[in-house]
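Structure below is run17.cif: mmCIF, C-alpha atoms.
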data_work
loop_
_atom_site.label_atom_id
_atom_site.label_comp_id
_atom_site.auth_asym_id
_atom_site.auth_seq_id
_atom_site.Cartn_x
_atom_site.Cartn_y
_atom_site.Cartn_z
CA MET A 1 137.74 234.28 -1.59
CA ALA A 2 134.50 236.03 -0.68
CA ALA A 3 134.19 237.24 2.89
CA SER A 4 130.50 236.36 2.69
CA ALA A 5 131.45 232.71 3.01
CA TYR A 6 131.57 233.07 6.81
CA GLU A 7 129.13 235.94 7.24
CA HIS A 8 126.48 233.60 8.64
CA LEU A 9 128.80 232.73 11.54
CA HIS A 10 126.91 233.23 14.79
CA ALA A 11 128.60 233.70 18.17
CA LEU A 12 127.01 233.63 21.62
CA VAL A 13 128.66 235.62 24.43
CA VAL A 14 127.71 234.47 27.94
CA GLU A 15 129.05 236.94 30.49
CA ASP A 16 127.47 238.55 33.55
CA ASN A 17 129.30 241.86 33.33
CA VAL A 18 127.79 244.25 30.81
CA HIS A 19 131.12 245.96 30.09
CA MET A 20 132.96 242.71 29.43
CA ARG A 21 130.08 241.56 27.24
CA ALA A 22 130.33 244.76 25.23
CA LEU A 23 134.10 244.33 24.94
CA LEU A 24 133.78 240.78 23.63
CA ARG A 25 131.03 241.78 21.22
CA SER A 26 133.16 244.64 19.89
CA LEU A 27 136.18 242.40 19.41
CA LEU A 28 134.25 239.63 17.67
CA HIS A 29 132.60 242.18 15.40
CA ALA A 30 135.97 243.71 14.52
CA LEU A 31 137.26 240.21 13.70
CA GLY A 32 134.47 239.67 11.19
CA ILE A 33 131.74 237.96 13.21
CA LYS A 34 128.62 240.03 12.66
CA ASN A 35 125.91 237.84 14.25
CA ILE A 36 126.34 237.95 18.00
CA SER A 37 123.86 237.04 20.74
CA GLU A 38 124.37 237.78 24.40
CA ALA A 39 123.34 236.23 27.70
CA ALA A 40 124.07 237.25 31.29
CA ASP A 41 124.48 233.77 32.80
CA GLY A 42 124.43 230.09 31.93
CA ASP A 43 120.66 229.64 32.13
CA ALA A 44 120.05 232.63 29.87
CA GLY A 45 122.76 231.26 27.56
CA LEU A 46 120.92 227.95 27.22
CA ARG A 47 117.67 229.76 26.48
CA GLU A 48 119.41 231.94 23.88
CA MET A 49 120.90 228.85 22.24
CA ARG A 50 117.41 227.55 21.61
CA ASN A 51 116.47 230.79 19.83
CA HIS A 52 119.65 231.17 17.77
CA THR A 53 121.86 228.10 17.56
CA PRO A 54 125.39 229.51 17.76
CA ASP A 55 128.42 228.25 15.81
CA LEU A 56 130.72 229.44 18.58
CA ILE A 57 130.36 230.30 22.28
CA LEU A 58 132.45 232.56 24.49
CA THR A 59 131.60 232.16 28.15
CA ASP A 60 132.77 233.62 31.42
CA LEU A 61 133.61 231.22 34.24
CA SER A 62 132.16 232.88 37.36
CA MET A 63 128.50 233.81 36.99
CA GLU A 64 125.36 233.56 39.11
CA PRO A 65 123.17 231.57 39.29
CA THR A 66 124.60 229.24 36.62
CA ASP A 67 128.34 229.51 36.06
CA GLY A 68 130.35 228.77 32.93
CA ILE A 69 131.25 225.25 34.05
CA GLU A 70 127.64 224.16 34.55
CA PHE A 71 126.64 225.94 31.35
CA THR A 72 129.32 224.04 29.41
CA ARG A 73 128.23 220.76 30.99
CA GLN A 74 124.62 221.46 29.94
CA VAL A 75 125.63 222.36 26.37
CA ARG A 76 127.60 219.14 26.06
CA THR A 77 125.28 216.69 27.78
CA SER A 78 121.73 218.01 27.99
CA GLN A 79 119.22 216.32 25.71
CA GLN A 80 117.82 219.78 24.98
CA SER A 81 121.19 221.08 23.77
CA PRO A 82 120.82 222.19 20.14
CA ASN A 83 124.49 221.53 19.37
CA PRO A 84 126.62 219.57 21.87
CA TYR A 85 129.65 219.88 19.56
CA VAL A 86 129.72 223.68 19.45
CA PRO A 87 133.20 225.11 20.21
CA ILE A 88 133.27 226.79 23.64
CA ILE A 89 135.93 229.33 24.57
CA MET A 90 136.05 230.03 28.30
CA VAL A 91 137.28 233.43 29.45
CA THR A 92 139.17 233.08 32.73
CA GLY A 93 140.98 235.37 35.14
CA HIS A 94 144.50 234.59 36.28
CA THR A 95 143.19 233.89 39.75
CA GLU A 96 140.77 231.19 38.59
CA ARG A 97 143.39 228.67 37.49
CA LEU A 98 142.27 226.09 40.02
CA ARG A 99 138.83 225.98 38.40
CA VAL A 100 140.21 225.64 34.89
CA GLU A 101 140.61 221.89 35.30
CA SER A 102 136.93 221.55 36.22
CA ALA A 103 136.02 223.63 33.19
CA ARG A 104 138.15 221.47 30.92
CA ASP A 105 136.46 218.37 32.35
CA ALA A 106 133.06 219.94 31.63
CA GLY A 107 134.00 220.10 27.93
CA VAL A 108 135.51 223.52 27.26
CA THR A 109 137.29 223.67 23.90
CA GLU A 110 139.72 226.56 24.49
CA PHE A 111 140.62 229.00 27.27
CA LEU A 112 141.11 232.72 26.83
CA ALA A 113 142.96 234.35 29.72
CA LYS A 114 142.18 237.82 31.02
CA PRO A 115 143.24 240.46 30.28
CA ILE A 116 141.80 239.78 26.84
CA THR A 117 144.13 240.64 24.00
CA VAL A 118 143.45 240.68 20.27
CA ASN A 119 146.31 238.29 19.54
CA ASN A 120 145.09 235.75 22.07
CA LEU A 121 141.52 235.88 20.82
CA ILE A 122 142.65 235.50 17.20
CA ALA A 123 144.86 232.57 18.20
CA ARG A 124 141.96 230.78 19.94
CA LEU A 125 139.58 231.33 17.02
CA ALA A 126 142.19 230.17 14.51
CA GLU A 127 142.91 227.09 16.61
CA ILE A 128 139.22 226.14 16.63
CA VAL A 129 138.88 226.59 12.87
CA GLU A 130 142.23 225.12 11.84
CA ARG A 131 142.48 222.25 14.26
CA PRO A 132 139.02 221.05 15.29
CA ARG A 133 139.31 218.28 17.87
CA PRO A 134 137.71 214.87 17.93
CA PHE A 135 135.15 214.34 20.67
CA VAL A 136 135.40 211.75 23.40
CA LYS A 137 132.32 210.05 24.76
CA CYS A 138 132.58 207.87 27.82
CA GLU A 139 130.71 207.34 31.10
CA THR A 140 132.32 210.28 32.83
CA TYR A 141 132.99 212.72 30.00
CA PHE A 142 131.62 214.07 26.77
CA GLY A 143 133.57 216.81 25.06
CA PRO A 144 136.58 217.65 22.93
CA ASP A 145 139.59 215.39 23.30
CA ARG A 146 141.56 216.89 26.18
CA ARG A 147 144.91 215.67 24.91
CA ARG A 148 146.64 218.23 22.76
CA ARG A 149 150.43 218.05 22.65
CA LYS A 150 152.10 215.22 20.72
CA MET A 151 154.37 213.14 22.96
CA LYS A 152 156.47 211.18 20.49
CA ASP A 153 158.59 209.51 23.19
CA PHE A 154 155.68 208.64 25.43
CA THR A 155 155.62 204.92 26.15
CA GLY A 156 152.68 204.77 28.49
CA PRO A 157 150.84 204.14 30.66
CA TRP A 158 148.00 204.27 28.12
CA ARG A 159 144.56 205.51 29.08
CA ARG A 160 142.84 203.73 26.21
CA HIS A 161 143.58 200.14 25.30
CA ASP A 162 144.44 200.88 21.65
CA ASP A 163 146.44 204.08 22.26
CA THR A 164 149.83 204.43 20.64
CA SER A 165 152.38 207.24 20.78
CA GLU A 166 150.84 208.47 17.49
CA ASP A 167 147.54 209.05 19.30
CA VAL A 168 148.78 210.57 22.50
CA GLU A 169 148.59 214.29 22.79
CA VAL A 170 148.94 215.73 26.23
CA ARG A 171 147.83 219.21 27.10
CA MET B 1 140.63 213.36 9.00
CA THR B 2 140.52 211.85 12.46
CA LYS B 3 140.14 208.12 12.56
CA SER B 4 137.02 207.01 14.40
CA LYS B 5 137.53 204.18 16.81
CA LYS B 6 135.64 202.46 19.53
CA THR B 7 137.24 201.33 22.76
CA PRO B 8 135.65 199.66 25.76
CA GLY B 9 135.83 202.86 27.83
CA ALA B 10 135.51 205.65 25.33
CA GLU B 11 134.06 206.35 21.94
CA ILE B 12 136.09 208.74 19.80
CA ILE B 13 133.98 210.86 17.48
CA GLY B 14 136.09 212.07 14.56
CA THR B 15 135.96 215.65 13.33
CA ASP B 16 134.21 214.45 10.16
CA GLN B 17 131.44 212.86 12.21
CA TYR B 18 129.97 216.01 13.72
CA PRO B 19 128.90 219.34 12.16
CA ALA B 20 131.85 221.64 11.47
CA MET B 21 131.75 225.23 12.73
CA LEU B 22 132.34 226.41 9.15
CA ASN B 23 132.49 224.65 5.80
CA ALA B 24 135.92 224.42 4.15
CA GLU B 25 135.49 227.54 2.01
CA ALA B 26 134.18 229.65 4.87
CA ALA B 27 136.90 228.37 7.22
CA GLU B 28 139.60 229.37 4.77
CA ALA B 29 138.05 232.83 4.27
CA PHE B 30 137.73 233.35 8.03
CA LEU B 31 141.35 232.33 8.63
CA VAL B 32 142.48 234.78 5.96
CA GLU B 33 140.43 237.53 7.64
CA LEU B 34 141.97 236.71 11.04
CA SER B 35 145.48 236.88 9.58
CA LEU B 36 145.08 240.33 8.02
CA ARG B 37 146.93 243.23 9.62
CA ASP B 38 143.87 245.44 9.07
CA THR B 39 141.70 243.03 11.04
CA SER B 40 144.11 243.03 13.94
CA LYS B 41 144.38 246.82 13.81
CA ARG B 42 140.60 247.19 13.79
CA ALA B 43 140.23 244.85 16.77
CA ASN B 44 142.98 246.62 18.72
CA GLY B 45 141.17 249.88 18.05
CA ALA B 46 137.97 248.39 19.47
CA LEU B 47 139.88 247.14 22.51
CA GLU B 48 141.43 250.56 23.10
CA THR B 49 138.04 252.29 22.85
CA LYS B 50 136.56 249.90 25.38
CA ARG B 51 139.58 250.17 27.71
CA THR B 52 138.66 253.75 28.62
CA GLN B 53 135.03 252.79 29.26
CA ILE B 54 136.10 249.80 31.36
CA SER B 55 138.50 251.93 33.36
CA HIS B 56 135.65 254.33 34.21
CA ALA B 57 133.41 251.38 35.06
CA VAL B 58 136.04 249.91 37.43
CA ARG B 59 136.37 253.26 39.21
CA GLY B 60 132.59 253.36 39.53
CA TYR B 61 132.55 249.88 41.05
CA ILE B 62 135.26 250.94 43.51
CA GLU B 63 133.09 253.84 44.67
CA VAL B 64 130.14 251.49 45.18
CA LEU B 65 132.43 249.08 47.03
CA GLU B 66 133.53 251.89 49.36
CA LYS B 67 129.87 252.71 50.09
CA ALA B 68 129.08 249.03 50.73
CA ILE B 69 131.98 248.86 53.19
CA LYS B 70 130.76 251.97 55.01
CA SER B 71 127.28 250.48 55.34
CA GLY B 72 128.64 247.05 56.31
CA ASP B 73 126.73 245.31 53.51
CA VAL B 74 128.87 242.21 52.93
CA ALA B 75 126.75 240.87 50.06
CA ALA B 76 127.15 244.19 48.21
CA MET B 77 130.91 244.19 48.92
CA LEU B 78 131.14 240.70 47.47
CA ALA B 79 129.21 241.70 44.34
CA GLN B 80 131.40 244.74 43.69
CA ALA B 81 134.64 242.85 44.37
CA HIS B 82 133.47 240.29 41.80
CA GLU B 83 132.84 242.98 39.14
CA ILE B 84 136.19 244.64 39.81
CA ARG B 85 138.23 241.43 39.71
CA GLY B 86 136.71 240.45 36.36
CA LEU B 87 137.19 243.78 34.63
CA ALA B 88 140.25 245.49 36.08
CA ALA B 89 142.89 243.70 34.06
CA ASN B 90 141.30 244.84 30.79
CA ALA B 91 141.54 248.42 32.00
CA GLY B 92 145.28 247.94 32.60
CA LEU B 93 144.65 247.72 36.36
CA GLU B 94 145.99 244.22 37.00
CA ALA B 95 146.93 244.87 40.63
CA VAL B 96 143.44 246.20 41.32
CA GLY B 97 142.07 242.95 39.90
CA ARG B 98 144.31 240.85 42.15
CA LEU B 99 143.41 242.91 45.23
CA ALA B 100 139.69 242.68 44.46
CA ASP B 101 140.06 238.93 43.94
CA GLY B 102 141.73 238.60 47.36
CA LEU B 103 138.92 240.55 48.98
CA TYR B 104 136.30 238.50 47.11
CA LYS B 105 137.81 235.20 48.24
CA TYR B 106 138.03 236.39 51.83
CA LEU B 107 134.44 237.67 51.97
CA ASP B 108 133.07 234.66 50.09
CA THR B 109 134.70 232.19 52.48
CA ALA B 110 133.69 234.18 55.56
CA MET B 111 130.10 234.32 54.33
CA ARG B 112 129.93 230.65 53.40
CA LEU B 113 131.35 229.61 56.78
CA GLU B 114 129.16 232.17 58.57
CA ALA B 115 132.25 233.68 60.19
CA PRO B 116 132.49 237.42 60.93
CA ALA B 117 134.60 239.31 58.38
CA ASP B 118 137.59 241.15 59.88
CA GLY B 119 137.11 244.90 59.32
CA ASP B 120 140.88 245.47 59.15
CA VAL B 121 141.27 243.01 56.28
CA ILE B 122 138.49 244.79 54.39
CA SER B 123 139.92 248.27 55.09
CA LEU B 124 143.41 247.25 54.00
CA HIS B 125 141.99 245.93 50.73
CA ILE B 126 139.83 248.91 49.85
CA ASN B 127 142.64 251.34 50.66
CA ALA B 128 145.02 249.38 48.47
CA ILE B 129 142.45 249.06 45.67
CA ALA B 130 141.72 252.79 45.68
CA ARG B 131 145.43 253.66 45.63
CA ALA B 132 146.32 251.10 42.96
CA ALA B 133 143.51 252.45 40.77
CA SER B 134 144.89 255.98 40.93
CA THR B 135 146.64 257.29 37.84
CA ALA B 136 149.93 257.89 39.68
CA SER B 137 152.85 256.22 37.95
CA GLU B 138 153.87 254.35 41.09
CA ALA B 139 150.40 252.83 41.44
CA LYS B 140 151.19 249.67 39.50
CA ALA B 141 154.36 248.76 41.38
CA TYR B 142 152.67 249.66 44.66
CA GLY B 143 149.61 247.63 43.77
CA ASP B 144 151.59 244.54 42.79
CA LYS B 145 153.54 244.58 46.05
CA VAL B 146 150.52 245.19 48.26
CA ALA B 147 148.45 242.60 46.37
CA ALA B 148 151.06 239.96 47.18
CA GLU B 149 151.15 240.97 50.86
CA LEU B 150 147.38 241.10 51.21
CA ASN B 151 147.00 237.75 49.48
CA ALA B 152 149.23 236.31 52.19
CA LEU B 153 147.08 238.01 54.85
CA VAL B 154 143.89 236.62 53.28
CA ALA B 155 145.39 233.11 53.19
CA TYR B 156 146.33 233.43 56.87
CA LYS B 157 142.88 234.72 57.84
CA LEU B 158 141.11 232.01 55.84
CA GLN B 159 143.23 229.36 57.58
CA ALA B 160 142.21 230.85 60.91
CA ILE B 161 138.51 230.77 59.94
CA ASN B 162 138.83 227.17 58.75
CA ARG B 163 140.63 226.12 61.96
CA LEU B 164 137.92 227.73 64.05
CA LYS B 165 135.16 226.04 62.09
CA THR B 166 136.90 222.65 62.18
CA LYS B 167 137.24 222.88 65.96
CA SER B 168 133.62 223.86 66.49
CA ALA B 169 132.32 221.16 64.11
#

The structure given in the file should be rewritten as structure tokens.
Amino acid sequence: MAASAYEHLHALVVEDNVHMRALLRSLLHALGIKNISEAADGDAGLREMRNHTPDLILTDLSMEPTDGIEFTRQVRTSQQSPNPYVPIIMVTGHTERLRVESARDAGVTEFLAKPITVNNLIARLAEIVERPRPFVKCETYFGPDRRRRKMKDFTGPWRRHDDTSEDVEVR
Amino acid sequence: MTKSKKTPGAEIIGTDQYPAMLNAEAAEAFLVELSLRDTSKRANGALETKRTQISHAVRGYIEVLEKAIKSGDVAAMLAQAHEIRGLAANAGLEAVGRLADGLYKYLDTAMRLEAPADGDVISLHINAIARAASTASEAKAYGDKVAAELNALVAYKLQAINRLKTKSA
């Protein structure tokens, strides 16, 4: 299998700290992703997306003036978004757990906890490639299906009228 | 393939109904690359190289934080605490990250509620951060313990600020 098959893969790193940006760039490069754009906050990330539409985004959570949650929301729902389905991995600190739920509700695909490790990053990338998730579109949410873990014995209550235990995956 | 279905409240868009990140051949090649020991080794090498740079950067931020504290510039303290909390863990300085996060939360809340920041809380944090960032072998255990204690202090102080603001509202 030729490595060139994925050489066009383009990642966007949105992170306000120059050292963390460099770390993420280095890691992605070492994992085989050669086309990497960078942005220092959510607004710059959206502008960068219009120049080079990424296949994958890694974003920090806490940034000024536009944080990772608002950035994700814009990517998913803005009419100007070049690809509302792009996988988004959010990098979070252990102390930001309370905000993770908001990020998930904004449409984040995967979370990568700090400190960043190679194994964790590989696992998140593999998850995105191996198990892409259906998207859910409703009045209050547009993004990847937030239910992940199969609950074979789950008997309800159902959130969707035609749900069955085969459908239900709970994160 | 995910079955597409329409329900009154939500539309489910199957994975075959939107553009894939990679086509099947590229996805397979990328997964093979990710699974290789050489890939993992190369990435760990990159991480290790950056760890030293990040460690130096964190120590630089701590110095700037100390200067900001001396000059009483709360906005600068907040900015440095933010940089430290985001980076420290990847330099192997987890306790420093937790301490900086505690300081950040305290200063952020005090600023937002326009309450004066307690100088003792700030001093305790910067002293603990500086000590936990030292290369001494006891720094980690010390840092973990002090981070837990100072987090409790920050929670207490934030409650006090909130009580005060609620009363005056």

Check your understanding: How would you write, as a ChimeraX atom specification, the residues chosen by the PyMOL selection byres ((chain A) within 9 of (chain B)) on this structure?
Key -> /A:1-7,9,16-17,19-20,22-24,26-32,55-56,62,83,85-87,92-95,114-119,122-123,125-126,128-130,132-139,141,145,160-162

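Taking CA of Gly143 (chain B) as the reference point, CA of Val96 (chain B) is found at 6.8 Å.
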
Review point. The PyMOL selection byres ((chain A and resi 49-53) around 12) on the file shown: which residues, as a PyMOL selection string?
Key: (chain A and resi 8-14+35-39+42-48+54-57+71+74-75+80-86) or (chain B and resi 21)

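Rounded to one decimal, CA of Thr52 (chain B) and CA of Phe111 (chain A) lie 24.9 Å from each other.
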
Practice item. Show which residues sit within 9 Å of Tyr104 (chain B), as number ranges by chain. Count only C-alpha atoms, and ignore same-chain residues fewer than 5 positions away. Key: B: 77-82, 85, 99, 109

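The space separating CA of Arg146 (chain A) from CA of Thr77 (chain A) comes to 16.4 Å.
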
Quick check on the file I pasted: which residues fall under the PyMOL selection byres ((chain A and resi 105) around 9)? Write them as a PDB file with C-alpha atoms, in the frame of the given file.
ATOM      1  CA  ILE A  69     131.250 225.250  34.050  1.00  0.00           C
ATOM      2  CA  ARG A  73     128.230 220.760  30.990  1.00  0.00           C
ATOM      3  CA  VAL A 100     140.210 225.640  34.890  1.00  0.00           C
ATOM      4  CA  GLU A 101     140.610 221.890  35.300  1.00  0.00           C
ATOM      5  CA  SER A 102     136.930 221.550  36.220  1.00  0.00           C
ATOM      6  CA  ALA A 103     136.020 223.630  33.190  1.00  0.00           C
ATOM      7  CA  ARG A 104     138.150 221.470  30.920  1.00  0.00           C
ATOM      8  CA  ALA A 106     133.060 219.940  31.630  1.00  0.00           C
ATOM      9  CA  GLY A 107     134.000 220.100  27.930  1.00  0.00           C
ATOM     10  CA  VAL A 108     135.510 223.520  27.260  1.00  0.00           C
ATOM     11  CA  TYR A 141     132.990 212.720  30.000  1.00  0.00           C
ATOM     12  CA  PHE A 142     131.620 214.070  26.770  1.00  0.00           C
ATOM     13  CA  GLY A 143     133.570 216.810  25.060  1.00  0.00           C
ATOM     14  CA  ARG A 146     141.560 216.890  26.180  1.00  0.00           C
TER      15      ARG A 146
END

Exercise for review: Find the residues around Glu114 (chain B) up to 10 Å (only C-alpha atoms counted), leave out those fewer than 6 positions away in its own chain, and share them as a PyMOL selection string.
Suggested key: chain B and resi 108+161+165
